Amino acid sequence: MTQKIGVVFPGQGSQSVGMGKALYDAHPSLKTVYDEASAVLGYDVAELCFTGPAERLNLTEFTQPALLVSSIAAWRLLAPVGIRPIAVAGHSLGEYSALVAAGGVAFRDAVGLVQKRGRYMSEAVAPGTGLVAALLGLNADAVKEVCRAASPVGVVAAANFNSPGQIVIAGEKAAVERAIVLAKEQGCKKAIPLPVSVPVHTPLMQQAADRLARDLGAVRWSDLSAPLVNNAEAKAIRLAGEIQASLIRQLPSSVLWEETVHVMGSMGVTTVVEVGPGAVLAGLIRRILPGATVLNVNDPKSLDATLKAVS
């Protein structure tokens with residue numbers, strides 16, 4: 001294998017009813033992944049992923065474990081064939097999938113953590129009071145200024161710096177709506193509300209981060225087999241002692257995804273594989289690193305194509 005591979009894992013917004021089912025049907029051994037997670041969660045996670053309903057799957061407390069389980073099921077089909085990434089990363093929730101893949105935390109522990117993470121996030125903001133939206137066509141400085149100008153109305157911040165010209169803002173509903181108006185005045189081409197039930201990666205999540213810190217401290221962490229380029233600083237970390245603090249900072253901080261991908265490129269990554277539902281990150285990475293080979297694994301066809309490309 002000559003390519004230098006980076007592996008990335010999706011976050012909220014990539015979920016859909018039916019995700020992972022084709023891989024599950026084609027590879028019966030994956031049942032053990034879903035069964036182990038269901039025992040932790042107290043409900044049938046395969047049923048939730050495969051049949052929904054969408055209203056339940058889109059609730060943060062359920063979305064997060066469902067995405068983690070679906071992503072790790074896909075990863076279990078890649079790991080035995082000798083894919084050894086030189087770096088891993090995940091978008092928000094996907095950072096937990098990346099840590100499982102790199103040996104930083106046991107799968108079972110990660111499932112329990114993200115269930116709590118989703119619950120704490122939901123409880124930090126009253127239902128219906130938050131809003132998340134993607135702004136297309138503005139640069140980072142313009143978005144930061146728009147959020148600052150809208151802040152007298154309420155909390156609003158740049159949550160995800162996803163790719164050139166695509167930045168997600170989040171916060172209190174009225175403040176986000178005001179920021180959207182101001183963004184359009186500044187030349188924003190489009191503002192798209194996103195199916196995320198809480199305004200993550202804003203200061204509104206500090207309470208959730210404080211609660212999560214206790215649970216992170218109760219879990220065993222290990223040094224990583226490949227460095228994680230983290231969300232909060234786009235910094236490569238590898239030691240067990242660095243992981244907890246990074247995950248706590250992640251919740252109230254922006255996701256520096258564009259910078260994360262550039263860092264992976266600077267580490268020598270030439271092929272990036274998105275593992276898990278959807279292909280959102282693959283699309284972003286093609287815009288950020290146009291010279292890279294970008295693959296994904298979310299069904300049997302994409303699995304076969306990826307295995308051929310990296311063998």
# chains A, B, ... in the order shown; residues from 1 in each chain; ligands from 1
>>> residues_around(residues="A:Asp210", least_positions_apart="2", cutoff="10 Å", atoms="only C-alpha atoms", output="JSON, numbers by chain")
{"A": [120, 205, 206, 207, 208, 212, 213, 214, 215, 248, 249, 251]}
>>> select_by_dssp(residues="stretch 62-272 of chain A", states="strand (DSSP E or B)", output="compact mmCIF listing (two decimals) with N, CA and C atoms, in the first residue's frame")
# COMPACT_ATOMS: atom_id res chain seq x y z
N ALA A 87 -3.21 9.32 9.95
CA ALA A 87 -3.92 10.31 10.76
C ALA A 87 -5.41 10.00 10.69
N VAL A 88 -6.13 10.38 11.76
CA VAL A 88 -7.59 10.24 11.78
C VAL A 88 -8.19 11.57 12.23
N ALA A 89 -9.46 11.76 11.89
CA ALA A 89 -10.20 12.94 12.34
C ALA A 89 -11.68 12.62 12.27
N GLY A 90 -12.47 13.41 12.97
CA GLY A 90 -13.93 13.26 12.91
C GLY A 90 -14.57 14.62 13.07
N GLY A 130 -33.04 27.10 19.95
CA GLY A 130 -31.79 27.21 19.22
C GLY A 130 -32.00 27.05 17.72
N LEU A 131 -30.98 27.44 16.95
CA LEU A 131 -31.04 27.31 15.50
C LEU A 131 -29.62 27.12 14.97
N VAL A 132 -29.50 26.29 13.93
CA VAL A 132 -28.23 26.04 13.28
C VAL A 132 -28.43 26.26 11.78
N ALA A 133 -27.51 26.98 11.13
CA ALA A 133 -27.67 27.26 9.70
C ALA A 133 -26.30 27.33 9.02
N ALA A 134 -26.25 26.84 7.78
CA ALA A 134 -25.03 26.94 6.99
C ALA A 134 -25.10 28.20 6.14
N LEU A 135 -24.02 28.98 6.15
CA LEU A 135 -23.91 30.18 5.31
C LEU A 135 -22.96 29.86 4.16
N LEU A 136 -23.40 30.11 2.94
CA LEU A 136 -22.59 29.83 1.76
C LEU A 136 -22.13 31.14 1.13
N VAL A 156 -24.80 33.93 19.33
CA VAL A 156 -24.63 33.34 17.99
C VAL A 156 -23.14 33.30 17.72
N ALA A 157 -22.68 32.19 17.13
CA ALA A 157 -21.25 32.02 16.88
C ALA A 157 -21.04 31.15 15.66
N ALA A 158 -19.86 31.26 15.09
CA ALA A 158 -19.46 30.36 14.00
C ALA A 158 -19.16 29.00 14.63
N ALA A 159 -19.96 28.01 14.26
CA ALA A 159 -19.84 26.68 14.88
C ALA A 159 -18.90 25.77 14.12
N ASN A 160 -18.98 25.78 12.78
CA ASN A 160 -18.16 24.89 11.96
C ASN A 160 -17.57 25.67 10.79
N PHE A 161 -16.25 25.69 10.70
CA PHE A 161 -15.58 26.21 9.51
C PHE A 161 -15.34 25.01 8.60
N ASN A 162 -16.32 24.73 7.72
CA ASN A 162 -16.35 23.44 7.03
C ASN A 162 -15.48 23.37 5.79
N SER A 163 -15.52 24.41 4.96
CA SER A 163 -14.75 24.43 3.72
C SER A 163 -14.77 25.86 3.21
N GLN A 166 -18.15 27.76 3.08
CA GLN A 166 -19.25 27.09 3.80
C GLN A 166 -18.95 27.09 5.29
N ILE A 167 -19.65 27.96 6.00
CA ILE A 167 -19.45 28.09 7.44
C ILE A 167 -20.81 27.97 8.12
N VAL A 168 -20.87 27.15 9.17
CA VAL A 168 -22.12 26.94 9.91
C VAL A 168 -22.13 27.85 11.14
N ILE A 169 -23.25 28.55 11.33
CA ILE A 169 -23.44 29.34 12.54
C ILE A 169 -24.52 28.70 13.40
N ALA A 170 -24.48 28.97 14.70
CA ALA A 170 -25.44 28.37 15.62
C ALA A 170 -25.61 29.28 16.82
N GLY A 171 -26.72 29.09 17.53
CA GLY A 171 -26.95 29.87 18.73
C GLY A 171 -28.43 29.98 19.03
N GLU A 172 -28.78 31.07 19.74
CA GLU A 172 -30.18 31.31 20.06
C GLU A 172 -30.92 31.74 18.80
N LYS A 190 -26.46 31.96 0.17
CA LYS A 190 -27.56 31.11 0.64
C LYS A 190 -27.37 30.81 2.11
N ALA A 191 -28.47 30.74 2.84
CA ALA A 191 -28.46 30.32 4.25
C ALA A 191 -29.39 29.12 4.37
N ILE A 192 -28.85 27.99 4.85
CA ILE A 192 -29.61 26.74 4.88
C ILE A 192 -29.77 26.27 6.32
N PRO A 193 -30.99 26.25 6.88
CA PRO A 193 -31.19 25.66 8.21
C PRO A 193 -30.83 24.17 8.18
N LEU A 228 -4.78 11.86 16.11
CA LEU A 228 -6.06 12.50 15.82
C LEU A 228 -5.80 13.99 15.61
N VAL A 229 -6.25 14.52 14.48
CA VAL A 229 -6.23 15.97 14.29
C VAL A 229 -7.55 16.49 14.85
N ALA A 236 -2.61 17.87 15.94
CA ALA A 236 -2.45 16.42 16.03
C ALA A 236 -2.13 16.03 17.46
N ILE A 237 -2.97 15.17 18.03
CA ILE A 237 -2.74 14.68 19.39
C ILE A 237 -2.68 13.15 19.36
N VAL A 255 -15.71 24.02 15.29
CA VAL A 255 -15.06 22.90 14.62
C VAL A 255 -14.23 23.47 13.47
N THR A 271 -4.52 10.29 0.46
CA THR A 271 -5.81 9.63 0.23
C THR A 271 -6.63 9.76 1.51
N VAL A 272 -7.86 10.25 1.38
CA VAL A 272 -8.73 10.40 2.55
C VAL A 272 -9.95 9.51 2.35
>>> residues_around(residues="A:Val8", least_positions_apart="6", cutoff="12 Å", atoms="only C-alpha atoms", output="PDB file with N, CA and C atoms, in the first residue's frame")
ATOM      1  N   SER A  71     -20.830   4.130  11.945  1.00  0.00           N
ATOM      2  CA  SER A  71     -19.471   4.413  11.463  1.00  0.00           C
ATOM      3  C   SER A  71     -18.499   3.309  11.856  1.00  0.00           C
ATOM      4  N   ILE A  72     -18.589   2.855  13.102  1.00  0.00           N
ATOM      5  CA  ILE A  72     -17.667   1.810  13.556  1.00  0.00           C
ATOM      6  C   ILE A  72     -17.971   0.480  12.867  1.00  0.00           C
ATOM      7  N   ALA A  74     -18.893   0.191   9.769  1.00  0.00           N
ATOM      8  CA  ALA A  74     -18.203   0.322   8.479  1.00  0.00           C
ATOM      9  C   ALA A  74     -16.688   0.189   8.654  1.00  0.00           C
ATOM     10  N   TRP A  75     -16.161   0.775   9.722  1.00  0.00           N
ATOM     11  CA  TRP A  75     -14.717   0.696   9.986  1.00  0.00           C
ATOM     12  C   TRP A  75     -14.279  -0.743  10.220  1.00  0.00           C
ATOM     13  N   PRO A  85      -4.171   4.033   8.811  1.00  0.00           N
ATOM     14  CA  PRO A  85      -4.091   5.471   8.563  1.00  0.00           C
ATOM     15  C   PRO A  85      -2.895   6.109   9.253  1.00  0.00           C
ATOM     16  N   ILE A  86      -2.362   7.165   8.637  1.00  0.00           N
ATOM     17  CA  ILE A  86      -1.310   7.932   9.304  1.00  0.00           C
ATOM     18  C   ILE A  86      -1.909   9.066  10.128  1.00  0.00           C
ATOM     19  N   ALA A  87      -3.209   9.315   9.948  1.00  0.00           N
ATOM     20  CA  ALA A  87      -3.923  10.310  10.763  1.00  0.00           C
ATOM     21  C   ALA A  87      -5.411  10.002  10.687  1.00  0.00           C
ATOM     22  N   VAL A  88      -6.134  10.376  11.756  1.00  0.00           N
ATOM     23  CA  VAL A  88      -7.590  10.242  11.779  1.00  0.00           C
ATOM     24  C   VAL A  88      -8.188  11.572  12.231  1.00  0.00           C
ATOM     25  N   ALA A  89      -9.462  11.756  11.892  1.00  0.00           N
ATOM     26  CA  ALA A  89     -10.196  12.936  12.345  1.00  0.00           C
ATOM     27  C   ALA A  89     -11.683  12.623  12.271  1.00  0.00           C
ATOM     28  N   GLY A  90     -12.475  13.414  12.973  1.00  0.00           N
ATOM     29  CA  GLY A  90     -13.927  13.260  12.913  1.00  0.00           C
ATOM     30  C   GLY A  90     -14.568  14.615  13.066  1.00  0.00           C
ATOM     31  N   HIS A  91     -15.707  14.776  12.435  1.00  0.00           N
ATOM     32  CA  HIS A  91     -16.411  16.055  12.508  1.00  0.00           C
ATOM     33  C   HIS A  91     -17.353  16.024  13.708  1.00  0.00           C
ATOM     34  N   SER A  92     -16.977  16.763  14.768  1.00  0.00           N
ATOM     35  CA  SER A  92     -17.793  16.860  15.986  1.00  0.00           C
ATOM     36  C   SER A  92     -17.989  15.471  16.594  1.00  0.00           C
ATOM     37  N   LEU A  93     -19.226  14.958  16.588  1.00  0.00           N
ATOM     38  CA  LEU A  93     -19.479  13.602  17.089  1.00  0.00           C
ATOM     39  C   LEU A  93     -18.521  12.584  16.472  1.00  0.00           C
ATOM     40  N   GLY A  94     -18.160  12.779  15.210  1.00  0.00           N
ATOM     41  CA  GLY A  94     -17.274  11.850  14.511  1.00  0.00           C
ATOM     42  C   GLY A  94     -15.911  11.710  15.151  1.00  0.00           C
ATOM     43  N   GLU A  95     -15.531  12.679  15.997  1.00  0.00           N
ATOM     44  CA  GLU A  95     -14.254  12.577  16.696  1.00  0.00           C
ATOM     45  C   GLU A  95     -14.236  11.355  17.627  1.00  0.00           C
ATOM     46  N   TYR A  96     -15.380  10.993  18.185  1.00  0.00           N
ATOM     47  CA  TYR A  96     -15.463   9.804  19.041  1.00  0.00           C
ATOM     48  C   TYR A  96     -15.277   8.535  18.207  1.00  0.00           C
ATOM     49  N   SER A  97     -15.855   8.496  17.016  1.00  0.00           N
ATOM     50  CA  SER A  97     -15.646   7.353  16.120  1.00  0.00           C
ATOM     51  C   SER A  97     -14.170   7.228  15.776  1.00  0.00           C
ATOM     52  N   ALA A  98     -13.523   8.374  15.495  1.00  0.00           N
ATOM     53  CA  ALA A  98     -12.098   8.374  15.155  1.00  0.00           C
ATOM     54  C   ALA A  98     -11.261   7.843  16.311  1.00  0.00           C
ATOM     55  N   LEU A  99     -11.629   8.208  17.531  1.00  0.00           N
ATOM     56  CA  LEU A  99     -10.882   7.744  18.710  1.00  0.00           C
ATOM     57  C   LEU A  99     -11.048   6.239  18.917  1.00  0.00           C
ATOM     58  N   VAL A 100     -12.240   5.709  18.648  1.00  0.00           N
ATOM     59  CA  VAL A 100     -12.428   4.254  18.717  1.00  0.00           C
ATOM     60  C   VAL A 100     -11.548   3.579  17.664  1.00  0.00           C
ATOM     61  N   ALA A 101     -11.566   4.097  16.448  1.00  0.00           N
ATOM     62  CA  ALA A 101     -10.809   3.491  15.349  1.00  0.00           C
ATOM     63  C   ALA A 101      -9.308   3.504  15.628  1.00  0.00           C
ATOM     64  N   ALA A 102      -8.834   4.548  16.314  1.00  0.00           N
ATOM     65  CA  ALA A 102      -7.403   4.678  16.594  1.00  0.00           C
ATOM     66  C   ALA A 102      -7.009   4.054  17.932  1.00  0.00           C
ATOM     67  N   PRO A 227      -2.267   9.528  15.035  1.00  0.00           N
ATOM     68  CA  PRO A 227      -2.675  10.789  15.652  1.00  0.00           C
ATOM     69  C   PRO A 227      -4.051  11.254  15.186  1.00  0.00           C
ATOM     70  N   LEU A 228      -4.780  11.859  16.108  1.00  0.00           N
ATOM     71  CA  LEU A 228      -6.062  12.503  15.823  1.00  0.00           C
ATOM     72  C   LEU A 228      -5.804  13.988  15.608  1.00  0.00           C
ATOM     73  N   VAL A 229      -6.250  14.520  14.480  1.00  0.00           N
ATOM     74  CA  VAL A 229      -6.230  15.969  14.289  1.00  0.00           C
ATOM     75  C   VAL A 229      -7.548  16.491  14.848  1.00  0.00           C
ATOM     76  N   ASN A 230      -7.456  17.217  15.952  1.00  0.00           N
ATOM     77  CA  ASN A 230      -8.672  17.505  16.719  1.00  0.00           C
ATOM     78  C   ASN A 230      -9.460  18.688  16.169  1.00  0.00           C
ATOM     79  N   ASN A 231     -10.709  18.768  16.579  1.00  0.00           N
ATOM     80  CA  ASN A 231     -11.625  19.818  16.113  1.00  0.00           C
ATOM     81  C   ASN A 231     -11.293  21.184  16.683  1.00  0.00           C
ATOM     82  N   TRP A 257     -12.813  22.514  10.747  1.00  0.00           N
ATOM     83  CA  TRP A 257     -12.701  21.386   9.831  1.00  0.00           C
ATOM     84  C   TRP A 257     -11.790  21.687   8.639  1.00  0.00           C
ATOM     85  N   THR A 260      -8.367  21.467   9.845  1.00  0.00           N
ATOM     86  CA  THR A 260      -8.053  20.067  10.164  1.00  0.00           C
ATOM     87  C   THR A 260      -7.604  19.313   8.917  1.00  0.00           C
ATOM     88  N   VAL A 261      -8.345  19.493   7.832  1.00  0.00           N
ATOM     89  CA  VAL A 261      -8.010  18.785   6.581  1.00  0.00           C
ATOM     90  C   VAL A 261      -6.673  19.275   6.033  1.00  0.00           C
ATOM     91  N   MET A 264      -3.974  17.564   7.976  1.00  0.00           N
ATOM     92  CA  MET A 264      -3.795  16.178   7.521  1.00  0.00           C
ATOM     93  C   MET A 264      -2.963  16.153   6.230  1.00  0.00           C
ATOM     94  N   VAL A 269      -0.853  13.116   4.188  1.00  0.00           N
ATOM     95  CA  VAL A 269      -2.021  12.360   3.724  1.00  0.00           C
ATOM     96  C   VAL A 269      -2.300  12.698   2.252  1.00  0.00           C
ATOM     97  N   THR A 271      -4.518  10.293   0.456  1.00  0.00           N
ATOM     98  CA  THR A 271      -5.808   9.634   0.231  1.00  0.00           C
ATOM     99  C   THR A 271      -6.627   9.756   1.510  1.00  0.00           C
ATOM    100  N   VAL A 272      -7.859  10.250   1.382  1.00  0.00           N
ATOM    101  CA  VAL A 272      -8.731  10.396   2.547  1.00  0.00           C
ATOM    102  C   VAL A 272      -9.949   9.509   2.352  1.00  0.00           C
ATOM    103  N   VAL A 273     -10.258   8.710   3.374  1.00  0.00           N
ATOM    104  CA  VAL A 273     -11.415   7.823   3.320  1.00  0.00           C
ATOM    105  C   VAL A 273     -12.415   8.262   4.386  1.00  0.00           C
ATOM    106  N   GLU A 274     -13.617   8.644   3.958  1.00  0.00           N
ATOM    107  CA  GLU A 274     -14.697   8.929   4.909  1.00  0.00           C
ATOM    108  C   GLU A 274     -15.420   7.625   5.208  1.00  0.00           C
ATOM    109  N   VAL A 275     -15.519   7.282   6.485  1.00  0.00           N
ATOM    110  CA  VAL A 275     -16.097   6.005   6.902  1.00  0.00           C
ATOM    111  C   VAL A 275     -17.356   6.269   7.711  1.00  0.00           C
ATOM    112  N   GLY A 276     -18.518   5.841   7.183  1.00  0.00           N
ATOM    113  CA  GLY A 276     -19.770   6.034   7.896  1.00  0.00           C
ATOM    114  C   GLY A 276     -20.826   6.628   6.992  1.00  0.00           C
ATOM    115  N   PRO A 277     -22.002   6.906   7.549  1.00  0.00           N
ATOM    116  CA  PRO A 277     -23.141   7.344   6.746  1.00  0.00           C
ATOM    117  C   PRO A 277     -22.873   8.607   5.934  1.00  0.00           C
ATOM    118  N   ALA A 279     -21.830  11.141   2.621  1.00  0.00           N
ATOM    119  CA  ALA A 279     -20.531  11.478   2.024  1.00  0.00           C
ATOM    120  C   ALA A 279     -20.309  12.984   2.125  1.00  0.00           C
ATOM    121  N   VAL A 280     -20.811  13.568   3.214  1.00  0.00           N
ATOM    122  CA  VAL A 280     -20.706  15.015   3.409  1.00  0.00           C
ATOM    123  C   VAL A 280     -19.252  15.445   3.496  1.00  0.00           C
ATOM    124  N   LEU A 281     -18.462  14.744   4.302  1.00  0.00           N
ATOM    125  CA  LEU A 281     -17.069  15.138   4.497  1.00  0.00           C
ATOM    126  C   LEU A 281     -16.262  14.948   3.219  1.00  0.00           C
ATOM    127  N   ALA A 282     -16.563  13.890   2.482  1.00  0.00           N
ATOM    128  CA  ALA A 282     -15.858  13.655   1.219  1.00  0.00           C
ATOM    129  C   ALA A 282     -16.032  14.857   0.287  1.00  0.00           C
ATOM    130  N   LEU A 284     -16.676  17.980   1.157  1.00  0.00           N
ATOM    131  CA  LEU A 284     -15.927  19.116   1.697  1.00  0.00           C
ATOM    132  C   LEU A 284     -14.431  18.957   1.411  1.00  0.00           C
ATOM    133  N   ILE A 285     -13.913  17.750   1.602  1.00  0.00           N
ATOM    134  CA  ILE A 285     -12.475  17.513   1.454  1.00  0.00           C
ATOM    135  C   ILE A 285     -12.030  17.726   0.011  1.00  0.00           C
ATOM    136  N   VAL A 294     -10.079  11.058  -2.768  1.00  0.00           N
ATOM    137  CA  VAL A 294     -11.099  11.049  -1.712  1.00  0.00           C
ATOM    138  C   VAL A 294     -12.058   9.884  -1.957  1.00  0.00           C
ATOM    139  N   LEU A 295     -12.199   9.031  -0.946  1.00  0.00           N
ATOM    140  CA  LEU A 295     -13.040   7.837  -1.031  1.00  0.00           C
ATOM    141  C   LEU A 295     -14.016   7.835   0.141  1.00  0.00           C
ATOM    142  N   ASN A 296     -15.020   6.975   0.075  1.00  0.00           N
ATOM    143  CA  ASN A 296     -15.906   6.838   1.227  1.00  0.00           C
ATOM    144  C   ASN A 296     -16.416   5.403   1.319  1.00  0.00           C
ATOM    145  N   VAL A 297     -16.871   5.048   2.519  1.00  0.00           N
ATOM    146  CA  VAL A 297     -17.415   3.708   2.762  1.00  0.00           C
ATOM    147  C   VAL A 297     -18.726   3.860   3.515  1.00  0.00           C
TER     148      VAL A 297
END
>>> closest_residue(among="A:Arg117, A:Arg287, A:Lys21, A:Arg76", to="A:Gly165", atoms="only C-alpha atoms")
A:Arg287
>>> atom_distance(atom1="atom CA of A:Val153", atom2="atom CA of A:Ala174")
6.6 Å
>>> closest_residue(among="A:Val17, A:Val125, A:Leu23, A:Val40", to="A:Leu67", atoms="only C-alpha atoms")
A:Val17
>>> atom_distance(atom1="atom CA of A:Leu303", atom2="atom CA of A:Ser70")
13.7 Å
>>> atom_distance(atom1="atom CA of A:Gln15", atom2="atom CA of A:Ala218")
28.3 Å
>>> closest_residue(among="A:Ala110, A:Ala54, A:Ala142, A:Val200", to="A:Ala124", atoms="only C-alpha atoms")
A:Val200
>>> closest_residue(among="A:Ala292, A:Phe50, A:Cys147, A:Gly6", to="A:Asp25", atoms="only C-alpha atoms")
A:Phe50
>>> select_by_dssp(residues="stretch 32-281 of chain A", states="alpha helix (DSSP H)", output="VMD selection string")
chain A and resid 32 to 41 45 to 51 54 to 57 60 to 78 94 to 101 107 to 124 140 to 150 173 to 185 206 to 217 240 to 250 257 to 266 280 to 281
>>> closest_residue(among="A:Trp221, A:Gly187, A:Ala209, A:Ala234", to="A:Gly103", atoms="only C-alpha atoms")
A:Trp221
>>> decode(residues="stretch 277-296 of chain A", atoms="C-alpha atoms", output="PDB file, in the first residue's frame")
ATOM      1  CA  PRO A 277     -23.141   7.344   6.746  1.00  0.00           C
ATOM      2  CA  GLY A 278     -23.385   9.814   3.886  1.00  0.00           C
ATOM      3  CA  ALA A 279     -20.531  11.478   2.024  1.00  0.00           C
ATOM      4  CA  VAL A 280     -20.706  15.015   3.409  1.00  0.00           C
ATOM      5  CA  LEU A 281     -17.069  15.138   4.497  1.00  0.00           C
ATOM      6  CA  ALA A 282     -15.858  13.655   1.219  1.00  0.00           C
ATOM      7  CA  GLY A 283     -17.510  16.561  -0.613  1.00  0.00           C
ATOM      8  CA  LEU A 284     -15.927  19.116   1.697  1.00  0.00           C
ATOM      9  CA  ILE A 285     -12.475  17.513   1.454  1.00  0.00           C
ATOM     10  CA  ARG A 286     -12.518  17.607  -2.347  1.00  0.00           C
ATOM     11  CA  ARG A 287     -12.870  21.389  -2.104  1.00  0.00           C
ATOM     12  CA  ILE A 288     -10.247  21.777   0.637  1.00  0.00           C
ATOM     13  CA  LEU A 289      -7.579  19.396  -0.767  1.00  0.00           C
ATOM     14  CA  PRO A 290      -8.257  19.240  -4.513  1.00  0.00           C
ATOM     15  CA  GLY A 291      -5.162  17.116  -5.150  1.00  0.00           C
ATOM     16  CA  ALA A 292      -6.124  14.327  -2.745  1.00  0.00           C
ATOM     17  CA  THR A 293      -7.805  11.047  -3.622  1.00  0.00           C
ATOM     18  CA  VAL A 294     -11.099  11.049  -1.712  1.00  0.00           C
ATOM     19  CA  LEU A 295     -13.040   7.837  -1.031  1.00  0.00           C
ATOM     20  CA  ASN A 296     -15.906   6.838   1.227  1.00  0.00           C
TER      21      ASN A 296
END
